[in-house]
>>> print(open('work09.csv').read())   # CSV, C-alpha atoms
chain,number,residue,atom,x,y,z
A,1,MET,CA,132.9,86.3,95.0
A,2,GLU,CA,129.1,85.9,95.7
A,3,GLN,CA,127.1,89.1,95.4
A,4,GLU,CA,125.2,90.0,98.5
A,5,LEU,CA,121.6,91.0,98.2
A,6,GLU,CA,121.5,94.4,99.7
A,7,PRO,CA,119.0,95.8,100.2
A,8,PRO,CA,117.5,92.4,101.0
A,9,PHE,CA,115.4,90.5,98.5
A,10,ILE,CA,114.5,87.0,99.7
A,11,ILE,CA,112.4,84.3,98.0
A,12,GLU,CA,111.7,80.8,99.3
A,13,GLN,CA,109.6,77.9,98.4
A,14,ILE,CA,108.3,75.5,101.1
A,15,LYS,CA,106.2,72.4,100.8
A,16,ARG,CA,104.5,71.0,104.0
A,17,ALA,CA,102.8,67.7,104.4
A,18,GLY,CA,101.5,68.1,107.9
A,19,PRO,CA,99.5,70.8,109.9
A,20,PHE,CA,101.3,74.1,110.2
A,21,SER,CA,100.4,77.4,111.6
A,22,MET,CA,102.8,80.3,111.9
A,23,ASP,CA,103.8,80.8,115.5
A,24,SER,CA,106.3,83.7,115.1
A,25,ASP,CA,105.6,87.4,115.6
A,26,HIS,CA,104.3,88.5,112.3
A,27,TYR,CA,104.4,92.0,111.2
A,28,HIS,CA,107.5,93.5,109.7
A,29,ASP,CA,108.9,96.6,107.9
A,30,THR,CA,109.4,94.7,104.6
A,31,TYR,CA,106.9,94.1,101.8
A,32,GLU,CA,105.7,90.5,101.3
A,33,ILE,CA,104.2,88.5,98.5
A,34,TYR,CA,102.6,85.1,99.3
A,35,TYR,CA,101.7,82.7,96.5
A,36,LEU,CA,99.9,79.4,97.2
A,37,LEU,CA,101.2,76.8,94.8
A,38,ALA,CA,99.0,73.9,96.2
A,39,GLY,CA,96.6,73.2,99.0
A,40,GLU,CA,94.4,75.5,101.0
A,41,ARG,CA,95.1,78.0,103.8
A,42,SER,CA,93.3,80.3,106.2
A,43,TYR,CA,94.9,83.7,106.0
A,44,TYR,CA,94.3,86.5,108.6
A,45,ILE,CA,95.1,90.0,107.5
A,46,ASN,CA,93.7,93.5,108.3
A,47,ASN,CA,91.1,92.1,110.8
A,48,LEU,CA,89.6,89.7,108.3
A,49,ILE,CA,90.0,86.0,107.5
A,50,TYR,CA,90.2,84.7,104.0
A,51,THR,CA,90.3,81.2,102.6
A,52,LEU,CA,93.2,80.8,100.1
A,53,ARG,CA,93.2,78.2,97.4
A,54,LYS,CA,95.8,77.1,94.8
A,55,GLY,CA,96.9,80.0,92.7
A,56,ASP,CA,95.9,82.8,95.1
A,57,LEU,CA,98.4,85.6,95.7
A,58,ILE,CA,98.6,88.2,98.5
A,59,PHE,CA,100.6,91.4,98.5
A,60,ILE,CA,101.1,92.5,102.1
A,61,ASN,CA,102.3,96.1,102.8
A,62,LYS,CA,104.8,96.9,105.5
A,63,ASN,CA,103.8,96.5,109.1
A,64,GLU,CA,100.5,94.7,108.4
A,65,LEU,CA,99.6,92.1,111.0
A,66,HIS,CA,99.1,88.7,109.2
A,67,ARG,CA,99.2,85.0,109.9
A,68,THR,CA,98.4,81.8,108.0
A,69,THR,CA,96.8,78.7,109.6
A,70,SER,CA,95.8,75.2,108.4
A,71,LYS,CA,92.6,74.8,106.4
A,72,GLY,CA,91.2,71.6,105.1
A,73,SER,CA,93.9,69.2,104.0
A,74,ALA,CA,97.2,69.9,105.9
A,75,ARG,CA,99.2,69.6,102.7
A,76,HIS,CA,100.2,72.9,101.1
A,77,GLU,CA,103.0,74.5,99.1
A,78,ARG,CA,103.8,78.2,98.9
A,79,ILE,CA,106.3,80.7,97.6
A,80,LEU,CA,107.1,83.7,99.8
A,81,ILE,CA,109.0,86.9,98.8
A,82,ASN,CA,110.2,89.6,101.2
A,83,PHE,CA,111.9,92.8,100.1
A,84,GLU,CA,112.7,96.2,101.7
A,85,GLU,CA,111.7,99.7,100.8
A,86,ASP,CA,115.1,100.5,99.4
A,87,PHE,CA,115.1,97.5,97.1
A,88,LEU,CA,111.6,98.5,95.9
A,89,GLN,CA,112.5,102.1,95.2
A,90,LYS,CA,115.7,101.2,93.3
A,91,THR,CA,113.6,98.7,91.3
A,92,LEU,CA,111.0,101.3,90.3
A,93,ALA,CA,113.5,104.1,89.7
A,94,ASN,CA,113.9,103.4,86.0
A,95,TYR,CA,110.2,102.6,85.2
A,96,ASP,CA,107.2,104.8,84.7
A,97,LEU,CA,104.7,102.5,86.3
A,98,SER,CA,101.5,103.0,88.1
A,99,ILE,CA,101.2,100.3,90.9
A,100,PRO,CA,98.1,101.2,93.0
A,101,PHE,CA,98.5,98.3,95.4
A,102,LEU,CA,101.7,99.7,96.8
A,103,THR,CA,99.7,102.4,98.6
A,104,THR,CA,97.0,100.1,100.0
A,105,GLN,CA,97.1,97.9,103.1
A,106,SER,CA,97.1,94.6,101.1
A,107,LEU,CA,96.0,93.0,97.9
A,108,LEU,CA,94.4,89.6,97.5
A,109,LEU,CA,94.3,88.2,93.9
A,110,ARG,CA,92.7,85.1,92.4
A,111,PRO,CA,94.4,84.8,89.0
A,112,GLY,CA,93.0,82.6,86.2
A,113,VAL,CA,94.8,79.6,84.9
A,114,HIS,CA,96.7,81.5,82.2
A,115,GLU,CA,97.7,84.3,84.7
A,116,GLN,CA,98.8,81.6,87.2
A,117,GLY,CA,101.2,80.2,84.6
A,118,ALA,CA,102.7,83.6,83.9
A,119,ILE,CA,103.1,84.4,87.6
A,120,GLU,CA,104.6,81.0,88.5
A,121,SER,CA,107.1,81.3,85.6
A,122,ILE,CA,108.4,84.6,87.1
A,123,LEU,CA,108.5,83.2,90.6
A,124,PHE,CA,110.5,80.1,89.6
A,125,SER,CA,112.9,82.3,87.6
A,126,MET,CA,113.4,84.3,90.8
A,127,LEU,CA,114.1,81.1,92.8
A,128,LYS,CA,116.6,79.9,90.2
A,129,GLU,CA,118.3,83.2,90.1
A,130,GLN,CA,118.7,83.5,93.8
A,131,GLU,CA,120.0,79.9,94.0
A,132,GLU,CA,122.7,80.3,91.3
A,133,HIS,CA,124.4,83.6,92.5
A,134,ARG,CA,125.3,84.7,89.0
A,135,SER,CA,126.7,88.1,88.0
A,136,GLN,CA,124.4,91.1,88.1
A,137,GLN,CA,121.9,89.2,90.2
A,138,ILE,CA,120.3,92.2,91.8
A,139,PRO,CA,119.2,94.0,88.5
A,140,TYR,CA,118.0,90.7,87.2
A,141,LEU,CA,115.8,90.1,90.2
A,142,GLN,CA,114.6,93.7,89.9
A,143,THR,CA,113.4,93.2,86.4
A,144,LEU,CA,111.6,90.0,87.4
A,145,LEU,CA,109.9,91.9,90.3
A,146,ILE,CA,108.7,94.5,87.8
A,147,GLN,CA,107.3,91.7,85.6
A,148,LEU,CA,105.5,90.3,88.6
A,149,PHE,CA,104.1,93.7,89.5
A,150,ILE,CA,102.8,94.1,85.9
A,151,GLU,CA,101.1,90.7,86.0
A,152,MET,CA,99.5,91.6,89.4
A,153,ASN,CA,98.3,94.9,87.9
A,154,ARG,CA,96.7,93.0,85.0
A,155,VAL,CA,95.0,90.5,87.2
A,156,GLN,CA,93.6,93.3,89.4
A,157,GLU,CA,92.4,95.1,86.3
A,158,ILE,CA,90.3,92.2,85.0
A,159,SER,CA,89.1,91.0,88.4
A,160,ARG,CA,85.3,91.5,88.5
A,161,GLU,CA,85.0,91.7,92.2
A,162,PRO,CA,87.3,91.4,95.3
A,163,ILE,CA,87.6,88.1,97.1
A,164,ALA,CA,85.2,88.1,100.0
A,165,PRO,CA,86.4,87.3,103.5
A,166,GLU,CA,85.0,84.4,105.6
A,167,SER,CA,81.6,85.3,107.1
A,168,SER,CA,80.3,82.3,109.0
A,169,GLU,CA,78.7,82.8,112.4
A,170,LYS,CA,82.0,81.9,114.1
A,171,GLN,CA,84.0,84.3,112.0
A,172,LEU,CA,81.4,87.1,112.5
A,173,LYS,CA,81.8,86.6,116.3
A,174,VAL,CA,85.6,86.8,116.0
A,175,TYR,CA,85.2,90.0,114.0
A,176,GLU,CA,83.2,91.5,116.8
A,177,MET,CA,86.0,90.5,119.3
A,178,ILE,CA,88.6,92.1,117.0
A,179,ASP,CA,86.6,95.3,116.8
A,180,TYR,CA,86.2,95.3,120.6
A,181,LEU,CA,89.9,94.8,121.2
A,182,GLN,CA,90.8,97.6,118.7
A,183,VAL,CA,88.6,100.1,120.7
A,184,HIS,CA,89.3,99.0,124.3
A,185,TYR,CA,93.0,98.0,124.1
A,186,VAL,CA,94.0,100.7,126.6
A,187,GLU,CA,91.7,99.3,129.3
A,188,LYS,CA,92.4,96.3,131.6
A,189,LEU,CA,91.0,93.5,129.5
A,190,THR,CA,90.5,90.1,131.3
A,191,LEU,CA,89.1,86.9,129.9
A,192,GLU,CA,86.3,87.2,132.4
A,193,ARG,CA,85.3,90.6,131.0
A,194,LEU,CA,85.5,89.4,127.4
A,195,SER,CA,83.5,86.3,128.3
A,196,GLU,CA,80.7,88.4,129.8
A,197,THR,CA,80.8,90.9,126.9
A,198,PHE,CA,80.3,88.2,124.3
A,199,PHE,CA,78.2,85.8,126.3
A,200,ILE,CA,80.5,82.8,125.8
A,201,SER,CA,82.7,80.9,128.1
A,202,SER,CA,86.3,82.0,128.4
A,203,THR,CA,87.6,78.6,127.3
A,204,TYR,CA,85.5,78.6,124.1
A,205,LEU,CA,86.3,82.3,123.5
A,206,CYS,CA,90.1,81.5,123.5
A,207,ARG,CA,89.7,78.5,121.3
A,208,LEU,CA,87.5,80.2,118.8
A,209,PHE,CA,89.8,83.2,118.5
A,210,LYS,CA,93.0,81.1,118.1
A,211,GLN,CA,91.4,78.7,115.6
A,212,THR,CA,90.1,81.6,113.5
A,213,THR,CA,92.9,84.1,113.5
A,214,GLY,CA,96.0,82.0,114.4
A,215,PHE,CA,96.6,84.4,117.4
A,216,THR,CA,95.8,84.0,121.0
A,217,ILE,CA,93.9,86.9,122.5
A,218,VAL,CA,96.9,88.0,124.5
A,219,GLU,CA,99.1,87.9,121.4
A,220,TYR,CA,96.7,90.0,119.4
A,221,LEU,CA,96.1,92.5,122.2
A,222,ASN,CA,99.9,92.9,122.5
A,223,TYR,CA,100.3,93.5,118.8
A,224,ILE,CA,97.6,96.3,118.9
A,225,ARG,CA,99.3,97.9,121.8
A,226,ILE,CA,102.8,97.7,120.5
A,227,LYS,CA,101.8,99.1,117.0
A,228,GLU,CA,100.2,102.1,118.8
A,229,ALA,CA,103.3,102.5,120.9
A,230,GLN,CA,105.5,102.5,117.8
A,231,ARG,CA,103.4,105.2,116.3
A,232,LEU,CA,103.7,107.3,119.4
A,233,LEU,CA,107.5,106.8,119.6
A,234,GLN,CA,107.8,107.9,116.0
A,235,SER,CA,105.5,110.8,115.9
A,236,THR,CA,105.6,112.3,119.5
A,237,ASN,CA,108.1,113.2,122.2
A,238,THR,CA,106.0,111.5,124.9
A,239,LYS,CA,108.0,109.8,127.5
A,240,VAL,CA,108.3,106.0,127.3
A,241,THR,CA,106.7,105.6,130.7
A,242,ALA,CA,103.6,107.5,129.6
A,243,ILE,CA,103.4,105.6,126.3
A,244,ALA,CA,103.4,102.3,128.3
A,245,GLU,CA,100.5,103.6,130.4
A,246,ASN,CA,98.7,105.0,127.4
A,247,THR,CA,98.8,101.7,125.5
A,248,GLY,CA,97.4,99.6,128.3
A,249,PHE,CA,100.5,98.1,130.0
A,250,ASP,CA,100.4,97.7,133.7
A,251,SER,CA,104.2,98.4,134.2
A,252,ILE,CA,107.1,99.8,132.3
A,253,ALA,CA,109.0,96.5,132.7
A,254,HIS,CA,106.1,94.5,131.1
A,255,PHE,CA,105.9,97.1,128.3
A,256,GLY,CA,109.7,96.9,127.6
A,257,ARG,CA,109.6,93.1,127.6
A,258,VAL,CA,106.7,92.8,125.2
A,259,PHE,CA,108.0,95.6,123.0
A,260,LYS,CA,111.4,94.0,122.6
A,261,GLN,CA,109.8,90.6,121.8
A,262,ILE,CA,107.7,92.1,119.0
A,263,ALA,CA,109.9,94.9,117.7
A,264,LYS,CA,113.2,93.2,118.3
A,265,CYS,CA,114.6,96.3,120.0
A,266,SER,CA,113.9,98.5,123.0
A,267,PRO,CA,111.4,101.4,122.9
A,268,LEU,CA,114.3,104.0,123.0
A,269,GLN,CA,116.2,102.2,120.3
A,270,TYR,CA,113.1,102.1,118.1
A,271,ARG,CA,112.6,105.9,118.7
A,272,LYS,CA,116.2,106.6,117.7
A,273,GLN,CA,116.1,104.5,114.6
A,274,ASN,CA,112.7,105.9,113.4
A,275,ARG,CA,113.0,109.6,114.0
>>> encode(input="work09.csv", output="C-alpha cells")
Amino acid sequence: MEQELEPPFIIEQIKRAGPFSMDSDHYHDTYEIYYLLAGERSYYINNLIYTLRKGDLIFINKNELHRTTSKGSARHERILINFEEDFLQKTLANYDLSIPFLTTQSLLLRPGVHEQGAIESILFSMLKEQEEHRSQQIPYLQTLLIQLFIEMNRVQEISREPIAPESSEKQLKVYEMIDYLQVHYVEKLTLERLSETFFISSTYLCRLFKQTTGFTIVEYLNYIRIKEAQRLLQSTNTKVTAIAENTGFDSIAHFGRVFKQIAKCSPLQYRKQNR
C-alpha cells in the first residue's frame, strides 16, 4: 500500500517554454521553497519586486503574498516545494538546529555554483523519493529537508549582502502605489482617484501595476483587505458585518464572495477553524 504524505509535503518540477504568469490566488498557510533551475523570472513578494536568475532560491513563509511573472526569455524551469506547519515541526523535533529564516517573512538566496550543485542534488533526491513511494518515505523526506535547510543556512552565512529589489523608475512608482493601497485600503478607492493621486492615466496605471507585480489593482486591494479581515476574525470577536465595513467592502455579500474566493471558506468557517 502506498504511504500517504500527511502532513502534506509536495515537490514538483516544471519546465515552461512559453510566457507564463501565475493567475491563481497566491498566499497560503503552507511554507514554500522556490528554486529556479533555468531562465529568468520576476518575483513579487513582500511589496517588492526581484529579478530571479538561474540558481536563485526563495523561502516564503506562511501567508505571504507572492507571484511570479515572465522576465526576459519566456523559457524557465523551476522546482517548487510546499509543506505544512505540522510536517515542519515533526521534521525539526529531533534536531537541535538554529534556522533563522523560519521566523522572517521570506528569504532570497543566490548560491554560488558549488552550493547550487549541493542544493540541486537534494531537490532531485526529493523528487525521486516522492515519485517512487518507497517505505519510510516521510522520514526520508524529512532528512532531506533538514539537509536543504542546512545548505540554505550556509549560503545565508556567507552571503556578503542581500539581493537588492528592482528599483527602476517604473518599479519605484509601483512601490508608491503599493504603499498607498496599504494605507488607504479601507477607503473607497477608484481608478480615477488613483490616477489623480499618481498623475498618470488610469489605463497606464493598470498596465504598469499588472506588468510589475503580476496582480491587477483590484486583486491586490482585495488581498490586503482579506488578510486584515482574517486577522480580525482570528483575534477579535467583532461581527462579520463590521469586519466587512472596517476592511473597505461596500456590502456583506461582496465581502463574503471575495473572502471565499481567496480563503476558500466563508468568514464564519475561517473564524471557527482559527480560534
>>> closest_residue(input="work09.csv", among="A:Glu129, A:Glu40, A:Glu64, A:Glu169", to="Leu107 of chain A", atoms="all atoms listed in the file")
A:Glu64
>>> closest_residue(input="work09.csv", among="A:Lys170, A:Lys71, A:Arg16, A:Arg78", to="Glu120 of chain A", atoms="all atoms listed in the file")
A:Arg78
>>> residues_near_point(input="work09.csv", point="(100.2, 91.6, 118.6)", cutoff="10 Å", atoms="only C-alpha atoms", output="list in words")
Asp25, His26, Tyr27, Leu65, His66, Phe215, Thr216, Ile217, Val218, Glu219, Tyr220, Leu221, Asn222, Tyr223, Ile224, Arg225, Ile226, Lys227, Val258, Phe259 and Ile262 of chain A
>>> write_last_selection(input="work09.csv", atoms="C-alpha atoms", output="PDB file, keeping the file's coordinate frame")
ATOM      1  CA  ASP A  25     105.600  87.400 115.600  1.00  0.00           C
ATOM      2  CA  HIS A  26     104.300  88.500 112.300  1.00  0.00           C
ATOM      3  CA  TYR A  27     104.400  92.000 111.200  1.00  0.00           C
ATOM      4  CA  LEU A  65      99.600  92.100 111.000  1.00  0.00           C
ATOM      5  CA  HIS A  66      99.100  88.700 109.200  1.00  0.00           C
ATOM      6  CA  PHE A 215      96.600  84.400 117.400  1.00  0.00           C
ATOM      7  CA  THR A 216      95.800  84.000 121.000  1.00  0.00           C
ATOM      8  CA  ILE A 217      93.900  86.900 122.500  1.00  0.00           C
ATOM      9  CA  VAL A 218      96.900  88.000 124.500  1.00  0.00           C
ATOM     10  CA  GLU A 219      99.100  87.900 121.400  1.00  0.00           C
ATOM     11  CA  TYR A 220      96.700  90.000 119.400  1.00  0.00           C
ATOM     12  CA  LEU A 221      96.100  92.500 122.200  1.00  0.00           C
ATOM     13  CA  ASN A 222      99.900  92.900 122.500  1.00  0.00           C
ATOM     14  CA  TYR A 223     100.300  93.500 118.800  1.00  0.00           C
ATOM     15  CA  ILE A 224      97.600  96.300 118.900  1.00  0.00           C
ATOM     16  CA  ARG A 225      99.300  97.900 121.800  1.00  0.00           C
ATOM     17  CA  ILE A 226     102.800  97.700 120.500  1.00  0.00           C
ATOM     18  CA  LYS A 227     101.800  99.100 117.000  1.00  0.00           C
ATOM     19  CA  VAL A 258     106.700  92.800 125.200  1.00  0.00           C
ATOM     20  CA  PHE A 259     108.000  95.600 123.000  1.00  0.00           C
ATOM     21  CA  ILE A 262     107.700  92.100 119.000  1.00  0.00           C
TER      22      ILE A 262
END
>>> closest_residue(input="work09.csv", among="A:Tyr35, A:Phe87, A:Tyr43, A:Phe199", to="Gly55 of chain A", atoms="all atoms listed in the file")
A:Tyr35
>>> residues_around(input="work09.csv", residues="segment 149-163 of chain A", least_positions_apart="5", cutoff="9 Å", atoms="all atoms listed in the file", output="PyMOL selection string")
chain A and resi 50+57+97-101+107-112+115+118-119+144
>>> closest_atom_pairs(input="work09.csv", of="segment 157-186 of chain A", to="segment 233-248 of chain A", cutoff="10 Å", atoms="only C-alpha atoms", output="JSON lines")
{"residue": "A:His184", "atom": "CA", "partner": "A:Gly248", "partner_atom": "CA", "distance": 9.1}
{"residue": "A:Tyr185", "atom": "CA", "partner": "A:Gly248", "partner_atom": "CA", "distance": 6.3}
{"residue": "A:Val186", "atom": "CA", "partner": "A:Gly248", "partner_atom": "CA", "distance": 4.0}
>>> atom_distance(input="work09.csv", atom1="atom CA of Ile122 of chain A", atom2="atom CA of Lys62 of chain A")
22.4 Å
>>> atom_distance(input="work09.csv", atom1="atom CA of Tyr95 of chain A", atom2="atom CA of Glu131 of chain A")
26.2 Å
>>> closest_residue(input="work09.csv", among="A:Gln136, A:Ser70, A:Ser195, A:Thr213", to="Asn46 of chain A", atoms="all atoms listed in the file")
A:Thr213
>>> atom_distance(input="work09.csv", atom1="atom CA of Ile11 of chain A", atom2="atom CA of Asn61 of chain A")
16.3 Å
>>> residues_around(input="work09.csv", residues="Ile79 of chain A", least_positions_apart="3", cutoff="12 Å", atoms="all atoms listed in the file", output="list in words")
Ile10, Ile11, Glu12, Gln13, Ile14, Lys15, Arg16, Glu32, Ile33, Tyr34, Tyr35, Leu36, Leu37, Ala38, Lys54, Gly55, Asp56, Leu57, Ile58, His76, Asn82, Ile119, Glu120, Ile122, Leu123, Phe124, Met126 and Leu127 of chain A
>>> residues_around(input="work09.csv", residues="Glu85 of chain A", least_positions_apart="3", cutoff="10 Å", atoms="only C-alpha atoms", output="number ranges by chain")
A: 7-8, 29-31, 62, 88-91
>>> closest_residue(input="work09.csv", among="A:Gln142, A:Ser202, A:Ser135, A:Thr190", to="Leu92 of chain A", atoms="only C-alpha atoms")
A:Gln142
>>> closest_residue(input="work09.csv", among="A:Asp250, A:Asn63, A:Gln171, A:Gln269", to="Glu228 of chain A", atoms="all atoms listed in the file")
A:Asn63
>>> decode(input="work09.csv", residues="segment 33-108 of chain A", atoms="C-alpha atoms", output="PDB file, in the first residue's frame")
ATOM      1  CA  ILE A  33      10.578  26.943  -1.338  1.00  0.00           C
ATOM      2  CA  TYR A  34      11.061  28.072  -4.952  1.00  0.00           C
ATOM      3  CA  TYR A  35      14.243  27.177  -6.841  1.00  0.00           C
ATOM      4  CA  LEU A  36      14.893  28.448 -10.365  1.00  0.00           C
ATOM      5  CA  LEU A  37      16.695  25.762 -12.376  1.00  0.00           C
ATOM      6  CA  ALA A  38      16.866  27.742 -15.618  1.00  0.00           C
ATOM      7  CA  GLY A  39      15.743  31.021 -17.141  1.00  0.00           C
ATOM      8  CA  GLU A  40      14.770  34.294 -15.520  1.00  0.00           C
ATOM      9  CA  ARG A  41      11.660  35.391 -13.601  1.00  0.00           C
ATOM     10  CA  SER A  42      10.226  38.477 -11.966  1.00  0.00           C
ATOM     11  CA  TYR A  43       9.146  37.665  -8.435  1.00  0.00           C
ATOM     12  CA  TYR A  44       6.840  39.846  -6.344  1.00  0.00           C
ATOM     13  CA  ILE A  45       6.969  39.293  -2.580  1.00  0.00           C
ATOM     14  CA  ASN A  46       6.510  41.482   0.492  1.00  0.00           C
ATOM     15  CA  ASN A  47       5.748  44.608  -1.566  1.00  0.00           C
ATOM     16  CA  LEU A  48       8.992  44.365  -3.557  1.00  0.00           C
ATOM     17  CA  ILE A  49       9.910  43.006  -6.990  1.00  0.00           C
ATOM     18  CA  TYR A  50      13.033  40.911  -7.583  1.00  0.00           C
ATOM     19  CA  THR A  51      14.669  39.564 -10.717  1.00  0.00           C
ATOM     20  CA  LEU A  52      15.469  35.873 -10.247  1.00  0.00           C
ATOM     21  CA  ARG A  53      18.118  34.121 -12.315  1.00  0.00           C
ATOM     22  CA  LYS A  54      19.296  30.518 -12.588  1.00  0.00           C
ATOM     23  CA  GLY A  55      20.204  29.078  -9.180  1.00  0.00           C
ATOM     24  CA  ASP A  56      18.248  31.580  -7.086  1.00  0.00           C
ATOM     25  CA  LEU A  57      16.210  30.194  -4.194  1.00  0.00           C
ATOM     26  CA  ILE A  58      13.357  31.778  -2.247  1.00  0.00           C
ATOM     27  CA  PHE A  59      11.897  30.607   1.056  1.00  0.00           C
ATOM     28  CA  ILE A  60       8.389  32.014   1.563  1.00  0.00           C
ATOM     29  CA  ASN A  61       6.796  31.965   4.977  1.00  0.00           C
ATOM     30  CA  LYS A  62       3.142  31.175   5.553  1.00  0.00           C
ATOM     31  CA  ASN A  63       0.525  33.650   4.305  1.00  0.00           C
ATOM     32  CA  GLU A  64       2.939  35.857   2.378  1.00  0.00           C
ATOM     33  CA  LEU A  65       1.504  37.288  -0.821  1.00  0.00           C
ATOM     34  CA  HIS A  66       3.707  36.372  -3.782  1.00  0.00           C
ATOM     35  CA  ARG A  67       3.558  35.853  -7.526  1.00  0.00           C
ATOM     36  CA  THR A  68       5.981  35.173 -10.374  1.00  0.00           C
ATOM     37  CA  THR A  69       5.762  36.673 -13.854  1.00  0.00           C
ATOM     38  CA  SER A  70       7.701  36.395 -17.096  1.00  0.00           C
ATOM     39  CA  LYS A  71      11.064  38.132 -17.385  1.00  0.00           C
ATOM     40  CA  GLY A  72      13.313  38.224 -20.446  1.00  0.00           C
ATOM     41  CA  SER A  73      13.167  34.902 -22.283  1.00  0.00           C
ATOM     42  CA  ALA A  74       9.903  33.058 -21.630  1.00  0.00           C
ATOM     43  CA  ARG A  75      11.738  29.753 -21.114  1.00  0.00           C
ATOM     44  CA  HIS A  76      12.207  28.776 -17.498  1.00  0.00           C
ATOM     45  CA  GLU A  77      12.348  25.720 -15.258  1.00  0.00           C
ATOM     46  CA  ARG A  78      11.732  25.588 -11.559  1.00  0.00           C
ATOM     47  CA  ILE A  79      11.273  23.289  -8.575  1.00  0.00           C
ATOM     48  CA  LEU A  80       8.613  24.137  -6.012  1.00  0.00           C
ATOM     49  CA  ILE A  81       8.160  22.682  -2.517  1.00  0.00           C
ATOM     50  CA  ASN A  82       5.160  23.183  -0.219  1.00  0.00           C
ATOM     51  CA  PHE A  83       4.872  21.800   3.287  1.00  0.00           C
ATOM     52  CA  GLU A  84       2.671  22.384   6.313  1.00  0.00           C
ATOM     53  CA  GLU A  85       3.488  23.510   9.835  1.00  0.00           C
ATOM     54  CA  ASP A  86       2.988  20.017  11.297  1.00  0.00           C
ATOM     55  CA  PHE A  87       5.370  18.479   8.780  1.00  0.00           C
ATOM     56  CA  LEU A  88       7.954  21.145   9.623  1.00  0.00           C
ATOM     57  CA  GLN A  89       7.653  20.688  13.393  1.00  0.00           C
ATOM     58  CA  LYS A  90       7.932  16.897  13.164  1.00  0.00           C
ATOM     59  CA  THR A  91      10.962  17.339  10.910  1.00  0.00           C
ATOM     60  CA  LEU A  92      12.713  19.611  13.399  1.00  0.00           C
ATOM     61  CA  ALA A  93      11.716  17.681  16.533  1.00  0.00           C
ATOM     62  CA  ASN A  94      14.846  15.507  16.639  1.00  0.00           C
ATOM     63  CA  TYR A  95      17.374  18.164  15.626  1.00  0.00           C
ATOM     64  CA  ASP A  96      18.957  20.964  17.598  1.00  0.00           C
ATOM     65  CA  LEU A  97      19.148  23.441  14.737  1.00  0.00           C
ATOM     66  CA  SER A  98      19.035  27.200  14.520  1.00  0.00           C
ATOM     67  CA  ILE A  99      17.091  28.185  11.401  1.00  0.00           C
ATOM     68  CA  PRO A 100      16.679  31.988  11.485  1.00  0.00           C
ATOM     69  CA  PHE A 101      14.757  32.312   8.234  1.00  0.00           C
ATOM     70  CA  LEU A 102      11.777  30.391   9.648  1.00  0.00           C
ATOM     71  CA  THR A 103      10.891  33.457  11.712  1.00  0.00           C
ATOM     72  CA  THR A 104      11.281  36.018   8.914  1.00  0.00           C
ATOM     73  CA  GLN A 105       8.828  36.918   6.174  1.00  0.00           C
ATOM     74  CA  SER A 106      10.931  35.459   3.389  1.00  0.00           C
ATOM     75  CA  LEU A 107      14.489  34.655   2.361  1.00  0.00           C
ATOM     76  CA  LEU A 108      16.045  35.194  -1.068  1.00  0.00           C
TER      77      LEU A 108
END
